[in-house]
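Student: So that we are looking at the same thing, I have put the structure below in structure tokens.
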Amino acid sequence: MSHQKSFQYADLLSVLERVVDIMSAPDQYSYPSVFIYGHRATGKSHVVLSIMKDLELPHASVDCVECVSSGLLFHQVLSAFFGPDAAALLPRCPSLSDFVRLYKQMSSNSPATQTRYIILDRAERMRDMDFSLLPALLRLQELVNDNVTVILLSEIVWEKFRPNTGCFEPLLFHFPDYSKGKSLVQILSWDHHPSYTPELYASYINILLGVFFSVCRDLRELRHLAVLNFSKFCEPLEKGEAKESDIHKLWKNIEPHLQRAMQTVYLREVSSVQWEQQQMDEKEATTLRVLSAHAHIELPYYSKFLLIAAYLASFNPARTDRRFFLKSHGKIRKTNFLKKHEKTSNHLLGPKPFPLDRLMAIFYSVVDSRVAPTASVFSQISSLVTLQLLSQVGHDDQLDSPKYKCSVSLDFILAISRCVCVCVRLLDLLALSLVIQSQVVRQERSLFTAVSNLHLL
Amino acid sequence: MCLKFYGELLEAQNQPVHSSVSWAAERHLLSALMWTPEIRHVASRKYAGQWREITGPAPVKMSKRRSAALTGAQGISLAQKLLRERLCHQKLPDQPVGLDSQYKHLLELLRRTAVHGESNSVLIVGPRGSGKTMLLGCVLRELMSLKEAQKNVLLVELNGLLQTDDKIALKEITRQLHLENVVGDKVFGSFAENLAFLLEALKKGDKSSSRPVLFVLDEFDLFAHHKNQTLLYNLLDVSQSAQTPVAVLGLTCRLDVLELLEKRVKSRFSHRQIHLFSSLSFAQYLDVVRAQLSLPPDFPDPKFSDEWNHSVTKLCEDKTVEEILRRNFNGSKDFRSLHSLLFLAVSRVSVSHSTLREADLIEAWRLISVDSKANVLHGLSILELCLIIAMKHLNDTYDGEPFNFQMVHNEFKKFIQRKSHSIHKFEKPVVMKAFEHLLQLELVRPVDSGVCKVQREYQLMRLMLEHGQVMEALQRYPQCPTDVKQWALSAFG
């Protein structure tokens with residue numbers, strides 16, 4: 001974020017002082033490599049680049065995400081230090097050896113009068129490039145025999161970078177994150193709208209942080225959310241329903257809106273453009289068209305039953321089929337219902353594969369009318385696989401008895417079954433499936449919640 | 001040798017020899033003295049840097065006579081310059097500390113190659129930061145000061161990090177021997193032919209006797225990963241076949257480097273290894289610290305340097321400083337970690353803060369010994385912290401078995417339903433986003449990275465934090481709600 005104001009916050013200031021101390025005066029050497037880490041949007045790149053610009057130090061700034069190959073990195077460094085002609089001397093697919101040789105050649109022609117800095121942003125990508133690139137860059141000062149320092153900026157801690165046989169250890173610096181009270185509110189309040197007072201904006205920010213701070217601390221996200229929702233916040237003021245000092249009224253207006261934002265814009269289920277449009281035509285109360293499948297997918301009638309049957313097949317153990325799906329199933333022996341190893345499984349470990357026959361058996365018992373086993377029913381299964389609502393387990397060649405797995409969650413199934421003409425037996429089946437799920441948790445309490453969930457359908 | 005000439009030249013002009021002369025003038029003089037191509041070979045770019053260290057760098061333009069005392073700022077800046085060069089740029093010391101026997105052994109070996117024409121191969125083995133490159137640098141410096149060695153010896157330096165392939169290595173050898181023109185556009189059948197041609201070409205340049213070549217292979221273990229190990233095989237083959245006097249010096253940090261070599265390569269190697277294991281006692285370590293921080297006697301302002309050295313001596317006798325140095329010594333005896341600690345302290349010295357104080361060293365030690373994951377945990381949101389506590393509980397209950405997102409979400413829901421007052425229920429996608437943030441920070445890692453056949457929620461993961469780290473992070477977490485803390489401290493979720 002670009003701001004002319006300087007940082008005035010104590011913990012960041014001490015780190016700033018250390019970093020500036022590391023920078024050397026002309027003709028002095030600095031440590032060969034420095035590693036700066038910290039969360040996103042804590043100001044790492046901004047601070048380092050501002051220091052470079054203000055002190056007018058010769059530097060080359062490279063973002064490692066852009067460097068698909070190491071040749072791009074070499075090109076950028078050489079052109080920043082020695083001009084584009086030097087970079088043009090690099091061969092077609094430059095190796096590290098070419099880079100070091102060319103650098104030595106160039107720096108002997110124009111020796112460094114003061115320390116040159118190479119800044120590598122998002123340095124965690126360098127671990128995926130050539131294995132020798134990271135260790136070589138850490139000791140670049142020694143390899144090229146020039147006054148150069150490499151600064152690495154990353155989100156991830158240094159322990160995850162260290163190569164197997166070790167390397168030259170850089171100096172480590174941590175950029176602290178913002179605290180809620182002092183720094184974050186102040187920084188976010190810098191964006192205040194000119195037609196409203198800063199105090200109003202500060203109270204708005206406090207409300208926003210009250211909703212979002214426990215979930216997310218990324219400055220960029222919070223700023224984005226603040227900008228998107230401010231017009232909604234000011235609506236009562238514009239309409240004349242409230243004054244600037246009526247914080248409680250404004251809060252009551254904005255708070256449900258922010259909760260909805262958390263489920264949509266924050267998750268990027270809707271784009272910001274959609275969100276802003278929706279705010280403008282609020283009166284129609286249109287439902288947002290979200291990205292997630294379950295809200296708007298439309299399946300054919302039998303496909304829905306097939307999917308529900310698949311879910312039941314995946315999450316109920318095969319032994320229980322007889323009990324649930326047969327109309328008359330003899331005596332129920334009072335055995336320990338679930339085997340010991342199954343107790344923690346089902347809903348926590350994921351769906352289990354089931355053969356096609358079992359799917360069809362459950363399907364016939366679930367569906368409410370007589371269905372003939374025609375090709376149209378079976379082709380719906382393969383279209384479900386294409387939609388990735390079911391996934392095929394095992395080899396494609398197995399035409400005999402293919403196995404499938406259900407890849408959707410319970411929420412999706414519940415949403416679907418709402419649309420289907422639901423009969424009581426279906427409810428029972430789902431309730432039982434939930435009971436099995438809740439074997440892990442204490443039965444009574446979650447049975448209660450499970451049933452109450454169903455009552456909401 | 002050149003320094004002696006230079007000194008004599010200056011004295012002939014009735015000027016006292018003074019080390020701080022402008023670099024440009026010195027370079028000009030040295031280039032005038034380099035009248036033979038052989039000396040130009042030797043004083044290659046690497047040693048141009050080291051000539052500067054021997055003769056003393058001085059970009060601060062000062063007169064050739066001994067000047068009057070410098071101002072405070074100039075003194076500080078000059079002191080910083082010297083110390084930074086020693087600590088950061090790894091300037092070669094006059095005599096390596098604690099490595100006398102290894103020094104003598106290596107020097108003798110190289111002398112035999114350079115002067116008597118005997119072929120040799122040796123491996124210098126030692127952990128990172130133990131001084132292998134430094135030792136080699138000092139030995140080569142002394143070797144080049146011998147008259148016979150200087151005229152003849154050629155030096156080729158290869159690094160395993162840079163020359164990752166045999167073809168690149170061969171090009172580099174050709175370049176360092178300055179034989180590009182001789183090779184021209186010739187195409188060779190094999191590596192061996194190429195190398196033989198190069199060594200033959202060296203002979204023609206100077207009478208009939210061949211010139212000794214020293215091959216220095218840094219990161220030797222990386223050369224062993226090349227295809228067929230052709231470079232190593234050919235170099236060691238030449239060193240055994242006694243045509244050209246060749247010395248192959250390998251530097252590596254792996255103790256098991258010989259197991260990496262193929263049988264045919266290993267048999268050609270002379271199995272001579274020099275091990276560098278630091279044998280310093282703590283008292284010697286303290287002496288080294290004092291020596292590293294003191295200014296040399298030829299510092300232009302004797303009053304300043306006396307004061308500085310006095311303050312350094314007093315600092316080293318301080319109890320807290322000794323404690324810090326002892327802890328560093330117990331961690332690792334090598335000089336590299338010492339240099340980073342001292343550098344952080346020295347970098348604080350400025351005009352307003354003109355002596356080294358114990359607070360600087362304490363601060364430097366704190367910076368070095370901090371746990372970086374704890375710092376990262378400090379900046380997480382409450383939801384993410386709750387997820388980490390849920391994972392910790394899962395680890396405790398199931399003895400470190402991998403878990404998936406569903407299990408973590410389940411634990412979190414149990415906490416919300418039963419114990420929490422301050423944290424309200426979040427939707428599953430919001431919790432998933434927080435979990436993915438933890439994945440991105442690599443605090444949680446999938447067990448088999450790459451298999452994506454399983455749905456995201458059911459992929460098995462492991463927590464990369466320890467129980468103690470999590471508890472400590474909770475203590476330091478700003479405004480942590482008490483119910484979260486209680487949950488973390490409770491035994492079984």
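Letters A, B, ... mark the chains of the structure tokens in the order given; residue numbers begin at 1 per chain; ligand numbers begin at 1, in order shown.
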Specify as an MDAnalysis selection string all residues of chain A found within 8 Å of chain B, counting only C-alpha atoms.
Tutor: chainID A and resid 18 21:22 27:32 38:39 95:97 100 132:133 135:136 141:142 145 155:158 165:168 171:174 176:178 213:217 262:263 267 347:350 407
Student: Looking only at the backbone, which of the residues in region 201-392 of chain B does DSSP tag as alpha helix (DSSP H), as a PyMOL selection string?
Tutor: chain B and resi 201-205+220-223+230-241+257-260+263-268+282-293+302-317+319-331+335-346+358-368+372-378+382-392
Student: According to DSSP computed on the backbone, where in region 108-144 of chain B is there strand (DSSP E or B)? Give the residues as a VMD selection string.
Tutor: chain B and resid 120 to 125
Student: Please produce a file of the residues just selected, as an mmCIF file, in the first residue's frame, where the atoms kept are N, CA, C and O atoms.
Tutor:
```cif
data_model
loop_
_atom_site.group_PDB
_atom_site.id
_atom_site.type_symbol
_atom_site.label_atom_id
_atom_site.label_comp_id
_atom_site.auth_asym_id
_atom_site.auth_seq_id
_atom_site.Cartn_x
_atom_site.Cartn_y
_atom_site.Cartn_z
ATOM 1 N N ASN B 120 48.925 -34.890 -6.752
ATOM 2 C CA ASN B 120 48.298 -35.192 -5.466
ATOM 3 C C ASN B 120 46.803 -35.013 -5.530
ATOM 4 O O ASN B 120 46.300 -34.265 -6.371
ATOM 5 N N SER B 121 46.117 -35.668 -4.616
ATOM 6 C CA SER B 121 44.699 -35.337 -4.451
ATOM 7 C C SER B 121 44.381 -35.406 -2.970
ATOM 8 O O SER B 121 44.873 -36.265 -2.261
ATOM 9 N N VAL B 122 43.579 -34.461 -2.525
ATOM 10 C CA VAL B 122 43.258 -34.405 -1.096
ATOM 11 C C VAL B 122 41.841 -33.852 -0.929
ATOM 12 O O VAL B 122 41.366 -33.063 -1.744
ATOM 13 N N LEU B 123 41.195 -34.306 0.112
ATOM 14 C CA LEU B 123 39.856 -33.804 0.439
ATOM 15 C C LEU B 123 39.907 -33.098 1.780
ATOM 16 O O LEU B 123 40.421 -33.664 2.749
ATOM 17 N N ILE B 124 39.352 -31.906 1.823
ATOM 18 C CA ILE B 124 39.259 -31.195 3.113
ATOM 19 C C ILE B 124 37.816 -31.320 3.571
ATOM 20 O O ILE B 124 36.897 -30.860 2.892
ATOM 21 N N VAL B 125 37.618 -31.957 4.678
ATOM 22 C CA VAL B 125 36.272 -32.281 5.144
ATOM 23 C C VAL B 125 36.022 -31.593 6.474
ATOM 24 O O VAL B 125 36.848 -31.660 7.369
#
```
Student: Please list as a PyMOL selection string every residue within 9 Å of Phe329 (chain B), counting only C-alpha atoms and excluding residues in the same chain fewer than 5 positions away.
Tutor: chain B and resi 282+285+324+334+338
Student: So that I can check the surroundings of Lys352 (chain A), please list as a list in words every protein, DNA and RNA residue that reaches within 9 Å of it, counting only C-alpha atoms and ignoring chain neighbours fewer than 2 positions away.
Tutor: Ala313, Ser314, Phe315, Asn316, Pro317, Asn346, Leu349, Gly350, Phe354, Tyr404, Lys405 and Cys406 of chain A
Student: Tell me which of A:Ser189, A:Ser70, A:Ser110, A:Gln388 sits closest to Asp128 (chain A), counting only C-alpha atoms.
Tutor: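 Distance minimum relative to Asp128 (chain A) lands on A:Ser70.
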Student: CA of Val148 (chain A) and CA of Pro96 (chain B) are how many Å apart?
Tutor: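 A separation of 25.5 Å between them.
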Student: One decimal, Å: what's the distance from CA of Glu124 (chain A) over to CA of Asp11 (chain A), could you say?
Tutor: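 We find that CA of Glu124 (chain A) and CA of Asp11 (chain A) lie 25.0 Å from each other.
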Student: For a test of reading the model, state the distance in Å between CA of Lys319 (chain B) and CA of Ile362 (chain B), rounded to one decimal.
Tutor: 11.6 Å
Student: If we count only C-alpha atoms, what is near Pro58 (chain A) at a cut-off of 8 Å, once residues fewer than 3 positions away on the same chain are taken out, given as a VMD selection string?
Tutor: chain A and resid 52 81 114 to 117
Student: So, counting only C-alpha atoms, which residue among A:Phe35, A:Val62, A:Leu222, A:Gly83 is closest to Pro170 (chain A)?
Tutor: A:Phe35
Student: I want to know what sits within 10 Å of Val68 (chain A), based on only C-alpha atoms, with residues of the same chain fewer than 6 positions away left out; could you give that as a short mmCIF file (atom, residue, chain, number, x, y, z; two decimals) with all heavy atoms, in the first residue's frame?
Tutor:
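What landed in out_30.cif:
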```cif
data_model
loop_
_atom_site.label_atom_id
_atom_site.label_comp_id
_atom_site.auth_asym_id
_atom_site.auth_seq_id
_atom_site.Cartn_x
_atom_site.Cartn_y
_atom_site.Cartn_z
N ARG A 125 9.23 -19.32 -3.42
CA ARG A 125 9.20 -19.97 -4.73
C ARG A 125 10.57 -20.45 -5.15
O ARG A 125 10.70 -21.30 -6.03
CB ARG A 125 8.71 -18.98 -5.79
CG ARG A 125 7.35 -18.47 -5.57
CD ARG A 125 6.35 -19.62 -5.63
NE ARG A 125 5.03 -19.16 -5.34
CZ ARG A 125 4.03 -19.15 -6.21
NH1 ARG A 125 4.24 -19.61 -7.42
NH2 ARG A 125 2.85 -18.72 -5.87
N MET A 126 11.61 -19.90 -4.55
CA MET A 126 12.95 -20.29 -4.98
C MET A 126 13.27 -21.71 -4.60
O MET A 126 14.16 -22.33 -5.17
CB MET A 126 13.99 -19.36 -4.36
CG MET A 126 14.13 -18.13 -5.16
SD MET A 126 15.70 -17.33 -5.10
CE MET A 126 16.31 -17.72 -3.55
N ASP A 128 11.51 -24.15 -5.23
CA ASP A 128 11.09 -25.04 -6.31
C ASP A 128 11.93 -24.89 -7.56
O ASP A 128 11.77 -25.65 -8.50
CB ASP A 128 9.63 -24.74 -6.68
CG ASP A 128 8.74 -24.78 -5.46
OD1 ASP A 128 8.99 -25.64 -4.61
OD2 ASP A 128 7.82 -23.96 -5.38
N MET A 129 12.80 -23.88 -7.59
CA MET A 129 13.65 -23.71 -8.77
C MET A 129 14.87 -24.61 -8.61
O MET A 129 14.87 -25.53 -7.80
CB MET A 129 14.05 -22.24 -8.89
CG MET A 129 12.84 -21.35 -9.16
SD MET A 129 13.13 -19.63 -8.80
CE MET A 129 13.91 -19.08 -10.25
#
```
Student: Can you pull out the residues contacting Lys314 (chain B)? Cut-off 10 Å, using only C-alpha atoms, and skip same-chain residues under 3 positions away; I want them as a PyMOL selection string.
Tutor: chain B and resi 290+308-311+317-318+357-358
